[in-house]
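K.L.:
Supplied structure: start_33.pdb, PDB, C-alpha atoms, pLDDT in the B column.
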```pdb
MODEL        1
ATOM      1  CA  MET A 627     107.897  42.199 153.297  1.00 46.00           C
ATOM      2  CA  GLY A 628     107.226  39.933 150.348  1.00 50.00           C
ATOM      3  CA  GLU A 629     107.520  41.045 146.743  1.00 53.00           C
ATOM      4  CA  GLN A 630     104.441  42.636 145.179  1.00 55.00           C
ATOM      5  CA  VAL A 631     102.808  40.496 142.543  1.00 51.00           C
ATOM      6  CA  GLN A 632     102.081  42.406 139.331  1.00 55.00           C
ATOM      7  CA  HIS A 633      98.422  42.308 138.349  1.00 63.00           C
ATOM      8  CA  PRO A 634      97.875  40.391 135.080  1.00 62.00           C
ATOM      9  CA  ALA A 635      95.859  43.304 133.608  1.00 63.00           C
ATOM     10  CA  ASN A 636      98.728  45.739 134.221  1.00 68.00           C
ATOM     11  CA  HIS A 637     101.168  43.290 132.716  1.00 62.00           C
ATOM     12  CA  GLY A 638      98.972  43.021 129.626  1.00 68.00           C
ATOM     13  CA  LYS A 639      98.798  46.813 129.221  1.00 71.00           C
ATOM     14  CA  ARG A 640     102.551  47.098 129.567  1.00 72.00           C
ATOM     15  CA  LEU A 641     103.075  44.386 126.968  1.00 70.00           C
ATOM     16  CA  ARG A 642     100.703  46.064 124.505  1.00 72.00           C
ATOM     17  CA  LEU A 643     102.476  49.392 125.029  1.00 69.00           C
ATOM     18  CA  VAL A 644     105.857  47.782 124.365  1.00 65.00           C
ATOM     19  CA  ARG A 645     104.545  46.120 121.217  1.00 74.00           C
ATOM     20  CA  ALA A 646     102.959  49.371 119.983  1.00 74.00           C
ATOM     21  CA  THR A 647     106.182  51.277 120.630  1.00 72.00           C
ATOM     22  CA  TYR A 648     108.217  48.647 118.811  1.00 70.00           C
ATOM     23  CA  TRP A 649     105.808  48.707 115.860  1.00 76.00           C
ATOM     24  CA  PHE A 650     105.877  52.510 115.675  1.00 75.00           C
ATOM     25  CA  THR A 651     109.674  52.731 115.788  1.00 78.00           C
ATOM     26  CA  LYS A 652     109.857  50.147 113.028  1.00 82.00           C
ATOM     27  CA  HIS A 653     107.251  51.731 110.754  1.00 79.00           C
ATOM     28  CA  TRP A 654     107.364  55.444 111.651  1.00 87.00           C
ATOM     29  CA  LEU A 655     108.741  56.524 108.286  1.00 91.00           C
ATOM     30  CA  SER A 656     106.054  54.671 106.350  1.00 92.00           C
ATOM     31  CA  LEU A 657     103.422  56.295 108.557  1.00 93.00           C
ATOM     32  CA  PHE A 658     104.969  59.703 107.955  1.00 94.00           C
ATOM     33  CA  VAL A 659     105.037  59.193 104.188  1.00 96.00           C
ATOM     34  CA  VAL A 660     101.351  58.223 104.135  1.00 96.00           C
ATOM     35  CA  ILE A 661     100.084  60.944 106.503  1.00 96.00           C
ATOM     36  CA  PHE A 662     102.308  63.680 105.053  1.00 97.00           C
ATOM     37  CA  GLY A 663     101.330  62.585 101.563  1.00 97.00           C
ATOM     38  CA  LEU A 664      97.644  63.067 102.412  1.00 97.00           C
ATOM     39  CA  TYR A 665      98.508  66.437 103.940  1.00 97.00           C
ATOM     40  CA  ASN A 666     100.120  67.432 100.631  1.00 97.00           C
ATOM     41  CA  LEU A 667      97.182  66.185  98.564  1.00 97.00           C
ATOM     42  CA  LEU A 668      94.438  67.938 100.510  1.00 97.00           C
ATOM     43  CA  PRO A 669      95.182  71.443  99.089  1.00 98.00           C
ATOM     44  CA  PHE A 670      94.603  69.972  95.614  1.00 98.00           C
ATOM     45  CA  ALA A 671      91.268  68.586  96.787  1.00 98.00           C
ATOM     46  CA  ALA A 672      89.958  72.127  97.363  1.00 98.00           C
ATOM     47  CA  PRO A 673      89.697  73.037  93.636  1.00 98.00           C
ATOM     48  CA  VAL A 674      88.216  69.597  92.970  1.00 98.00           C
ATOM     49  CA  MET A 675      85.509  70.291  95.554  1.00 97.00           C
ATOM     50  CA  MET A 676      84.797  73.684  93.993  1.00 97.00           C
ATOM     51  CA  ARG A 677      84.625  72.141  90.529  1.00 97.00           C
ATOM     52  CA  LEU A 678      82.093  69.567  91.745  1.00 97.00           C
ATOM     53  CA  GLY A 679      79.994  72.261  93.354  1.00 95.00           C
ATOM     54  CA  TRP A 680      80.863  71.242  96.894  1.00 97.00           C
ATOM     55  CA  SER A 681      81.868  74.785  97.794  1.00 96.00           C
ATOM     56  CA  SER A 682      81.267  74.420 101.530  1.00 96.00           C
ATOM     57  CA  LEU A 683      83.718  71.524 101.777  1.00 96.00           C
ATOM     58  CA  GLY A 684      86.177  73.314  99.510  1.00 97.00           C
ATOM     59  CA  SER A 685      85.974  76.432 101.679  1.00 97.00           C
ATOM     60  CA  VAL A 686      86.835  74.383 104.765  1.00 97.00           C
ATOM     61  CA  ILE A 687      90.048  73.226 103.083  1.00 98.00           C
ATOM     62  CA  TYR A 688      90.905  76.767 101.928  1.00 98.00           C
ATOM     63  CA  ASP A 689      90.314  78.112 105.437  1.00 97.00           C
ATOM     64  CA  LEU A 690      92.370  75.337 107.037  1.00 97.00           C
ATOM     65  CA  TYR A 691      95.393  75.817 104.791  1.00 97.00           C
ATOM     66  CA  GLY A 692      94.952  79.574 104.842  1.00 96.00           C
ATOM     67  CA  THR A 693      96.360  79.478 108.376  1.00 95.00           C
ATOM     68  CA  GLN A 694      99.676  78.337 106.890  1.00 93.00           C
ATOM     69  CA  CYS A 695      99.909  80.249 103.605  1.00 95.00           C
ATOM     70  CA  HIS A 696      99.122  83.639 102.068  1.00 94.00           C
ATOM     71  CA  GLN A 697      97.167  81.912  99.260  1.00 96.00           C
ATOM     72  CA  MET A 698      97.664  84.849  96.886  1.00 96.00           C
ATOM     73  CA  ALA A 699      96.155  83.900  93.539  1.00 97.00           C
ATOM     74  CA  GLN A 700      99.054  85.109  91.345  1.00 96.00           C
ATOM     75  CA  ARG A 701     101.419  82.765  93.188  1.00 96.00           C
ATOM     76  CA  SER A 702      99.164  79.725  93.246  1.00 97.00           C
ATOM     77  CA  PHE A 703      98.402  76.900  90.834  1.00 98.00           C
ATOM     78  CA  PHE A 704      94.931  76.693  89.293  1.00 98.00           C
ATOM     79  CA  LEU A 705      93.105  73.551  88.224  1.00 98.00           C
ATOM     80  CA  PHE A 706      90.330  73.174  85.618  1.00 97.00           C
ATOM     81  CA  GLY A 707      91.032  76.536  83.999  1.00 96.00           C
ATOM     82  CA  GLU A 708      92.703  78.068  80.982  1.00 94.00           C
ATOM     83  CA  GLN A 709      96.182  78.240  82.559  1.00 95.00           C
ATOM     84  CA  PRO A 710      98.026  76.603  85.475  1.00 96.00           C
ATOM     85  CA  MET A 711      98.992  80.062  86.826  1.00 96.00           C
ATOM     86  CA  TYR A 712      98.039  83.701  86.197  1.00 96.00           C
ATOM     87  CA  ASN A 713      99.807  87.031  86.462  1.00 94.00           C
ATOM     88  CA  LEU A 714      98.193  89.948  88.272  1.00 94.00           C
ATOM     89  CA  ASN A 715      96.887  91.529  85.061  1.00 92.00           C
ATOM     90  CA  GLU A 716      95.190  88.266  84.068  1.00 94.00           C
ATOM     91  CA  LEU A 717      93.047  88.058  87.197  1.00 96.00           C
ATOM     92  CA  PRO A 718      89.544  89.642  87.380  1.00 95.00           C
ATOM     93  CA  LEU A 719      90.537  91.890  90.264  1.00 95.00           C
ATOM     94  CA  ILE A 720      90.948  95.646  90.569  1.00 92.00           C
ATOM     95  CA  LEU A 721      94.100  96.262  92.589  1.00 91.00           C
ATOM     96  CA  THR A 722      94.481  99.501  94.515  1.00 91.00           C
ATOM     97  CA  GLY A 723      98.234  99.630  94.950  1.00 88.00           C
ATOM     98  CA  ASN A 724      97.785  99.178  98.689  1.00 91.00           C
ATOM     99  CA  SER A 725      99.769  96.047  99.547  1.00 91.00           C
ATOM    100  CA  LEU A 726      97.539  94.911 102.416  1.00 92.00           C
ATOM    101  CA  ASN A 727      94.250  95.410 100.562  1.00 94.00           C
ATOM    102  CA  ASP A 728      95.591  93.793  97.396  1.00 95.00           C
ATOM    103  CA  THR A 729      96.995  90.841  99.322  1.00 95.00           C
ATOM    104  CA  LEU A 730      93.615  90.231 100.952  1.00 96.00           C
ATOM    105  CA  ALA A 731      91.828  90.512  97.605  1.00 96.00           C
ATOM    106  CA  LEU A 732      94.203  88.005  96.012  1.00 97.00           C
ATOM    107  CA  ARG A 733      93.908  85.725  99.014  1.00 96.00           C
ATOM    108  CA  ASN A 734      90.109  85.800  98.946  1.00 96.00           C
ATOM    109  CA  PHE A 735      89.884  85.122  95.213  1.00 97.00           C
ATOM    110  CA  ARG A 736      89.608  81.360  94.893  1.00 97.00           C
ATOM    111  CA  GLY A 737      88.755  81.156  91.211  1.00 97.00           C
ATOM    112  CA  ASN A 738      85.786  80.759  88.903  1.00 96.00           C
ATOM    113  CA  GLU A 739      84.476  78.528  86.139  1.00 95.00           C
ATOM    114  CA  THR A 740      86.636  80.229  83.492  1.00 95.00           C
ATOM    115  CA  LEU A 741      89.998  80.588  85.235  1.00 97.00           C
ATOM    116  CA  GLY A 742      89.609  77.443  87.291  1.00 97.00           C
ATOM    117  CA  TRP A 743      90.075  77.083  91.038  1.00 98.00           C
ATOM    118  CA  LYS A 744      93.310  77.676  92.874  1.00 98.00           C
ATOM    119  CA  VAL A 745      95.136  75.093  94.940  1.00 98.00           C
ATOM    120  CA  ALA A 746      94.712  75.817  98.661  1.00 97.00           C
ATOM    121  CA  TRP A 747      98.308  76.891  99.135  1.00 94.00           C
ATOM    122  CA  SER A 748     100.916  78.673  97.039  1.00 96.00           C
ATOM    123  CA  ASP A 749     103.367  77.194  94.561  1.00 97.00           C
ATOM    124  CA  ARG A 750     106.179  77.741  97.069  1.00 96.00           C
ATOM    125  CA  MET A 751     104.400  75.571  99.626  1.00 97.00           C
ATOM    126  CA  VAL A 752     103.793  72.902  96.997  1.00 97.00           C
ATOM    127  CA  TYR A 753     107.506  72.814  96.193  1.00 98.00           C
ATOM    128  CA  MET A 754     108.619  72.900  99.842  1.00 97.00           C
ATOM    129  CA  TYR A 755     106.308  70.268 101.286  1.00 97.00           C
ATOM    130  CA  GLY A 756     105.851  68.236  98.146  1.00 97.00           C
ATOM    131  CA  GLY A 757     109.626  68.158  97.827  1.00 97.00           C
ATOM    132  CA  LEU A 758     109.988  67.037 101.428  1.00 97.00           C
ATOM    133  CA  TRP A 759     107.542  64.208 100.779  1.00 97.00           C
ATOM    134  CA  VAL A 760     109.601  63.065  97.764  1.00 97.00           C
ATOM    135  CA  VAL A 761     112.793  63.260  99.840  1.00 97.00           C
ATOM    136  CA  SER A 762     111.112  61.149 102.534  1.00 96.00           C
ATOM    137  CA  VAL A 763     110.173  58.465 100.019  1.00 95.00           C
ATOM    138  CA  ILE A 764     113.693  58.413  98.578  1.00 94.00           C
ATOM    139  CA  TYR A 765     115.204  58.269 102.061  1.00 93.00           C
ATOM    140  CA  GLY A 766     112.899  55.408 103.025  1.00 91.00           C
ATOM    141  CA  LEU A 767     113.977  53.378 100.015  1.00 90.00           C
ATOM    142  CA  ALA A 768     117.674  54.175 100.486  1.00 87.00           C
ATOM    143  CA  SER A 769     117.835  53.485 104.225  1.00 80.00           C
ATOM    144  CA  ARG A 770     116.026  50.170 104.534  1.00 76.00           C
ATOM    145  CA  LYS A 771     119.107  48.339 105.814  1.00 70.00           C
ATOM    146  CA  CYS A 772     120.911  51.032 107.772  1.00 69.00           C
ATOM    147  CA  ALA A 773     120.379  54.625 108.814  1.00 68.00           C
ATOM    148  CA  THR A 774     122.007  57.359 106.754  1.00 81.00           C
ATOM    149  CA  LYS A 775     124.111  60.023 108.441  1.00 89.00           C
ATOM    150  CA  PRO A 776     122.508  63.472 108.669  1.00 93.00           C
ATOM    151  CA  ILE A 777     124.021  66.268 106.608  1.00 95.00           C
ATOM    152  CA  ARG A 778     126.312  68.754 108.330  1.00 96.00           C
ATOM    153  CA  ILE A 779     124.787  71.840 109.904  1.00 96.00           C
ATOM    154  CA  TRP A 780     126.590  74.209 107.533  1.00 97.00           C
ATOM    155  CA  ILE A 781     125.170  72.333 104.551  1.00 97.00           C
ATOM    156  CA  PHE A 782     121.711  72.487 106.133  1.00 97.00           C
ATOM    157  CA  ILE A 783     122.018  76.268 106.562  1.00 97.00           C
ATOM    158  CA  ALA A 784     123.355  76.683 103.028  1.00 98.00           C
ATOM    159  CA  LEU A 785     120.369  74.792 101.618  1.00 98.00           C
ATOM    160  CA  LEU A 786     117.830  76.884 103.552  1.00 97.00           C
ATOM    161  CA  LEU A 787     119.510  80.249 102.986  1.00 98.00           C
ATOM    162  CA  PRO A 788     118.305  80.725  99.356  1.00 97.00           C
ATOM    163  CA  LEU A 789     114.698  80.293 100.488  1.00 97.00           C
ATOM    164  CA  GLY A 790     115.195  82.920 103.175  1.00 96.00           C
ATOM    165  CA  ILE A 791     116.726  85.362 100.693  1.00 97.00           C
ATOM    166  CA  ASP A 792     114.026  84.761  98.090  1.00 97.00           C
ATOM    167  CA  GLY A 793     111.193  85.092 100.602  1.00 95.00           C
ATOM    168  CA  LEU A 794     112.680  88.161 102.263  1.00 96.00           C
ATOM    169  CA  THR A 795     113.253  90.008  98.994  1.00 96.00           C
ATOM    170  CA  HIS A 796     109.673  89.248  97.949  1.00 94.00           C
ATOM    171  CA  LEU A 797     108.443  90.573 101.298  1.00 93.00           C
ATOM    172  CA  VAL A 798     110.436  93.798 100.974  1.00 94.00           C
ATOM    173  CA  SER A 799     109.399  94.218  97.351  1.00 94.00           C
ATOM    174  CA  ASP A 800     105.706  93.686  98.111  1.00 92.00           C
ATOM    175  CA  THR A 801     105.618  96.461 100.706  1.00 90.00           C
ATOM    176  CA  GLY A 802     105.922  99.004  97.896  1.00 85.00           C
ATOM    177  CA  GLY A 803     102.992  97.485  96.008  1.00 89.00           C
ATOM    178  CA  LEU A 804     102.595  94.018  94.557  1.00 93.00           C
ATOM    179  CA  ALA A 805     103.005  95.305  90.986  1.00 91.00           C
ATOM    180  CA  ALA A 806     105.531  98.025  91.767  1.00 90.00           C
ATOM    181  CA  GLY A 807     108.313  96.285  93.679  1.00 91.00           C
ATOM    182  CA  PHE A 808     111.691  95.276  92.304  1.00 95.00           C
ATOM    183  CA  ARG A 809     110.757  91.587  92.388  1.00 94.00           C
ATOM    184  CA  TYR A 810     107.723  92.166  90.171  1.00 94.00           C
ATOM    185  CA  ASP A 811     109.452  93.439  87.039  1.00 93.00           C
ATOM    186  CA  ASN A 812     112.998  92.297  87.929  1.00 96.00           C
ATOM    187  CA  ARG A 813     114.550  95.134  85.940  1.00 95.00           C
ATOM    188  CA  TRP A 814     117.805  94.537  87.772  1.00 95.00           C
ATOM    189  CA  LEU A 815     117.923  91.019  86.330  1.00 96.00           C
ATOM    190  CA  ALA A 816     116.952  92.200  82.848  1.00 96.00           C
ATOM    191  CA  ALA A 817     119.829  94.697  82.947  1.00 96.00           C
ATOM    192  CA  ALA A 818     122.258  92.087  84.280  1.00 96.00           C
ATOM    193  CA  THR A 819     121.323  89.623  81.521  1.00 96.00           C
ATOM    194  CA  ASN A 820     121.035  92.280  78.803  1.00 96.00           C
ATOM    195  CA  ASN A 821     117.365  91.309  78.269  1.00 95.00           C
ATOM    196  CA  SER A 822     118.432  87.957  76.878  1.00 95.00           C
ATOM    197  CA  PHE A 823     115.133  86.324  77.841  1.00 95.00           C
ATOM    198  CA  PRO A 824     111.527  87.138  76.883  1.00 94.00           C
ATOM    199  CA  ALA A 825     109.773  89.885  78.852  1.00 93.00           C
ATOM    200  CA  SER A 826     107.482  87.259  80.441  1.00 93.00           C
ATOM    201  CA  PHE A 827     110.530  85.704  82.108  1.00 96.00           C
ATOM    202  CA  TYR A 828     111.319  88.845  84.056  1.00 96.00           C
ATOM    203  CA  GLN A 829     107.866  90.150  84.943  1.00 94.00           C
ATOM    204  CA  GLY A 830     105.329  88.680  87.331  1.00 93.00           C
ATOM    205  CA  ASP A 831     104.936  85.254  88.901  1.00 94.00           C
ATOM    206  CA  ASP A 832     103.541  83.144  86.072  1.00 93.00           C
ATOM    207  CA  LEU A 833     104.818  79.615  85.572  1.00 94.00           C
ATOM    208  CA  GLY A 834     108.236  79.740  83.885  1.00 94.00           C
ATOM    209  CA  SER A 835     109.042  83.252  85.066  1.00 96.00           C
ATOM    210  CA  PHE A 836     112.185  83.986  87.056  1.00 97.00           C
ATOM    211  CA  ASN A 837     110.154  84.370  90.253  1.00 97.00           C
ATOM    212  CA  SER A 838     108.391  81.077  89.664  1.00 96.00           C
ATOM    213  CA  ILE A 839     111.642  79.249  88.944  1.00 97.00           C
ATOM    214  CA  MET A 840     113.260  80.694  92.064  1.00 97.00           C
ATOM    215  CA  ARG A 841     110.400  79.511  94.225  1.00 97.00           C
ATOM    216  CA  PHE A 842     110.792  76.044  92.741  1.00 97.00           C
ATOM    217  CA  VAL A 843     114.570  75.917  93.202  1.00 98.00           C
ATOM    218  CA  THR A 844     114.578  77.327  96.740  1.00 98.00           C
ATOM    219  CA  GLY A 845     111.629  75.149  97.747  1.00 97.00           C
ATOM    220  CA  VAL A 846     113.405  71.997  96.589  1.00 98.00           C
ATOM    221  CA  LEU A 847     116.630  73.032  98.340  1.00 98.00           C
ATOM    222  CA  PHE A 848     114.611  73.591 101.523  1.00 98.00           C
ATOM    223  CA  ALA A 849     113.128  70.091 101.219  1.00 98.00           C
ATOM    224  CA  ILE A 850     116.563  68.518 100.735  1.00 97.00           C
ATOM    225  CA  GLY A 851     117.961  70.433 103.715  1.00 97.00           C
ATOM    226  CA  ILE A 852     115.125  69.572 106.105  1.00 97.00           C
ATOM    227  CA  GLY A 853     114.964  65.965 104.958  1.00 96.00           C
ATOM    228  CA  GLY A 854     118.726  65.525 104.896  1.00 95.00           C
ATOM    229  CA  LEU A 855     119.080  66.629 108.512  1.00 96.00           C
ATOM    230  CA  LEU A 856     115.913  65.627 110.357  1.00 94.00           C
ATOM    231  CA  LEU A 857     115.040  62.309 108.724  1.00 95.00           C
ATOM    232  CA  PRO A 858     118.389  60.632 109.531  1.00 93.00           C
ATOM    233  CA  LEU A 859     118.318  62.033 113.073  1.00 92.00           C
ATOM    234  CA  LEU A 860     114.819  60.675 113.670  1.00 90.00           C
ATOM    235  CA  ASP A 861     115.709  57.380 112.037  1.00 89.00           C
ATOM    236  CA  GLN A 862     118.764  56.928 114.224  1.00 87.00           C
ATOM    237  CA  GLU A 863     116.710  57.627 117.349  1.00 84.00           C
ATOM    238  CA  MET A 864     113.952  55.208 116.315  1.00 83.00           C
ATOM    239  CA  ARG A 865     116.493  52.477 115.613  1.00 80.00           C
ATOM    240  CA  ARG A 866     118.073  53.095 119.020  1.00 79.00           C
ATOM    241  CA  ILE A 867     114.718  52.767 120.765  1.00 75.00           C
ATOM    242  CA  GLU A 868     113.917  49.639 118.741  1.00 69.00           C
ATOM    243  CA  THR A 869     117.064  47.869 119.943  1.00 71.00           C
ATOM    244  CA  THR A 870     116.734  48.808 123.651  1.00 68.00           C
TER     245      THR A 870
ENDMDL
END
```
Turn the structure described in the file into structure tokens.
P.N.:
Amino acid sequence: MGEQVQHPANHGKRLRLVRATYWFTKHWLSLFVVIFGLYNLLPFAAPVMMRLGWSSLGSVIYDLYGTQCHQMAQRSFFLFGEQPMYNLNELPLILTGNSLNDTLALRNFRGNETLGWKVAWSDRMVYMYGGLWVVSVIYGLASRKCATKPIRIWIFIALLLPLGIDGLTHLVSDTGGLAAGFRYDNRWLAAATNNSFPASFYQGDDLGSFNSIMRFVTGVLFAIGIGGLLLPLLDQEMRRIETT
């Protein structure tokens, strides 16, 4: 039997697929930086929409990102208000001491004209995913000529472990009441440091407090760990595909 002749249309489709694959493997990181950057910016668009009076559009963004975050007001940034963050006693809410009910109340409070409007996800999420975006940009600039080796697994675990500890202790603390747990007043830390810092450093979640700083530090470490392991692995695989 003679050899089958490939149809020109099929050959054209195959060629376009090869070209698209080659283009994607060559530019995947730039695409990721752009798309992930927009993903990071959208939560900040929610308070802008509320400020402009486009509450329906703002609510869509809050609802979308609410599937990924607790959105509690005392652990979120606010835009267009008096302060960038607020403690529990600064919010116009009556808390019951019931963790579930209080969490829902804080989640549902999106802001007002006086306090401003909260970003659609918490400060921890901003640090984690915003940090990962920054790491991606830095990696893209540093690895233009050759792929960088991924970090070792034990380093990856060590970088993620503080986030796990911080999140878990918050979770345990919150079960006893959001304003009654050991991570709310941090008396243990005040005793350990002999009250060397102002009371505002120990209590609550306001910007500059111990809890706020820990969420920043652990979020950035998470971003470095995820980026340091996964980005080089993906880059190596894309370069391999590009050369085959």
K.L.:
Would you work out the distance separating CA of Gly830 (chain A) from CA of Asp811 (chain A), expressed in Å to one decimal?
P.N.:
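The value is 6.3 Å.
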K.L.:
What separation in Å, quoted to one decimal, exists between CA of Val660 (chain A) and CA of Val760 (chain A)?
P.N.:
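Value for the CA of Val660 (chain A)-CA of Val760 (chain A) distance: 11.5 Å.
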K.L.:
Write out as lines of an AutoDock Vina configuration file an axis-aligned box for region 821-837 of chain A: all of its atoms listed in the file, 6 Å added on each side, centre and edge lengths in Å with one decimal.
P.N.:
```
center_x = 111.0
center_y = 85.5
center_z = 83.6
size_x = 26.9
size_y = 23.7
size_z = 25.4
```
K.L.:
Identify, on the basis of only C-alpha atoms, every residue whose closest approach to Asn738 (chain A) does not exceed 9 Å; exclude the query and any residue fewer than 5 positions from it along the same chain; express the result as a list in words.
P.N.:
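My list of contacting residues is Met676, Arg677, Gly707 and Trp743 of chain A.
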K.L.:
Return the single residue from A:Phe836, A:Leu856, A:Ile850, A:Ala806 that is closest to Leu721 (chain A), with distances computed using all atoms listed in the file.
P.N.:
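Using all atoms listed in the file, Leu721 (chain A) sits closest to A:Ala806.
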K.L.:
Near region 839-842 of chain A, counting all atoms listed in the file, which residues have an atom at most 10 Å away, once you skip same-chain residues fewer than 5 positions from it, shown as a ChimeraX atom specification?
P.N.:
/A:701,748-754,757,788-789,792-793,827,831-834,847-848
K.L.:
Which one of A:Val761, A:Leu815, A:Leu786, A:Leu767 sits closest to Phe662 (chain A) if you count only C-alpha atoms?
P.N.:
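Smallest distance to Phe662 (chain A) is found for A:Val761.
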K.L.:
Calculate how many Å separate CA of Trp747 (chain A) from CA of Ala672 (chain A), rounding to one decimal.
P.N.:
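Interatomic distance, CA of Trp747 (chain A) to CA of Ala672 (chain A): 9.8 Å.
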K.L.:
Calculated over only C-alpha atoms, which of the candidates A:Val659, A:Ala746, A:Leu797, A:Leu719 has the smallest distance to Ile687 (chain A)?
P.N.:
A:Ala746
K.L.:
Rank A:Trp759, A:Leu860, A:Gln700, A:Val798 by their smallest atom-to-atom distance to Asn837 (chain A), using all atoms listed in the file, and report the top residue only.
P.N.:
A:Gln700
K.L.:
So, with all atoms listed in the file as the atoms that count, which of A:Gln697, A:Gln709, A:Ser838, A:Ser762 lies closest to Arg733 (chain A)?
P.N.:
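Closest candidate: A:Gln697.
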K.L.:
Using the chain letters and numbers from the file, give me the residues hit by the PyMOL selection byres ((chain A and resi 643-655) around 10), as a VMD selection string.
P.N.:
chain A and resid 637 to 642 656 to 661 762 to 763 765 to 766 857 860 to 861 863 to 870
K.L.:
Looking at A:Thr819, A:Ser702, A:Thr801, A:Asn713, which one is nearest to Phe670 (chain A), with distances taken over all atoms listed in the file?
P.N.:
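Answer, going by the shortest atom-to-atom distance: A:Ser702.
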K.L.:
For region 703-721 of chain A, where the input has fewer atoms than it should, I would like N, CA and C atoms rebuilt and written as a short mmCIF file (atom, residue, chain, number, x, y, z; two decimals), in the coordinates of the input.
P.N.:
```
data_model
loop_
_atom_site.label_atom_id
_atom_site.label_comp_id
_atom_site.auth_asym_id
_atom_site.auth_seq_id
_atom_site.Cartn_x
_atom_site.Cartn_y
_atom_site.Cartn_z
N PHE A 703 98.83 77.69 91.98
CA PHE A 703 98.40 76.90 90.83
C PHE A 703 96.87 76.90 90.75
N PHE A 704 96.37 76.81 89.54
CA PHE A 704 94.93 76.69 89.29
C PHE A 704 94.65 75.39 88.56
N LEU A 705 93.55 74.76 88.91
CA LEU A 705 93.10 73.55 88.22
C LEU A 705 91.79 73.83 87.51
N PHE A 706 91.58 73.13 86.39
CA PHE A 706 90.33 73.17 85.62
C PHE A 706 90.11 74.53 84.94
N GLY A 707 91.17 75.25 84.66
CA GLY A 707 91.03 76.54 84.00
C GLY A 707 91.84 76.63 82.73
N GLU A 708 92.00 77.84 82.23
CA GLU A 708 92.70 78.07 80.98
C GLU A 708 94.21 77.95 81.13
N GLN A 709 94.74 78.27 82.32
CA GLN A 709 96.18 78.24 82.56
C GLN A 709 96.46 77.65 83.94
N PRO A 710 97.67 77.12 84.14
CA PRO A 710 98.03 76.60 85.48
C PRO A 710 98.33 77.71 86.47
N MET A 711 98.73 78.91 85.97
CA MET A 711 98.99 80.06 86.83
C MET A 711 98.64 81.34 86.06
N TYR A 712 98.41 82.43 86.82
CA TYR A 712 98.04 83.70 86.20
C TYR A 712 98.84 84.84 86.81
N ASN A 713 99.20 85.81 85.97
CA ASN A 713 99.81 87.03 86.46
C ASN A 713 98.73 87.97 86.99
N LEU A 714 99.14 89.01 87.67
CA LEU A 714 98.19 89.95 88.27
C LEU A 714 97.22 90.52 87.25
N ASN A 715 97.74 90.89 86.07
CA ASN A 715 96.89 91.53 85.06
C ASN A 715 95.95 90.55 84.36
N GLU A 716 96.06 89.27 84.67
CA GLU A 716 95.19 88.27 84.07
C GLU A 716 94.06 87.85 85.00
N LEU A 717 94.06 88.40 86.20
CA LEU A 717 93.05 88.06 87.20
C LEU A 717 91.93 89.10 87.19
N PRO A 718 90.68 88.71 87.41
CA PRO A 718 89.54 89.64 87.38
C PRO A 718 89.42 90.44 88.68
N LEU A 719 90.51 91.12 89.03
CA LEU A 719 90.54 91.89 90.26
C LEU A 719 91.03 93.30 89.97
N ILE A 720 90.48 94.27 90.67
CA ILE A 720 90.95 95.65 90.57
C ILE A 720 91.85 95.91 91.77
N LEU A 721 93.14 96.04 91.52
CA LEU A 721 94.10 96.26 92.59
C LEU A 721 94.26 97.75 92.85
#
```
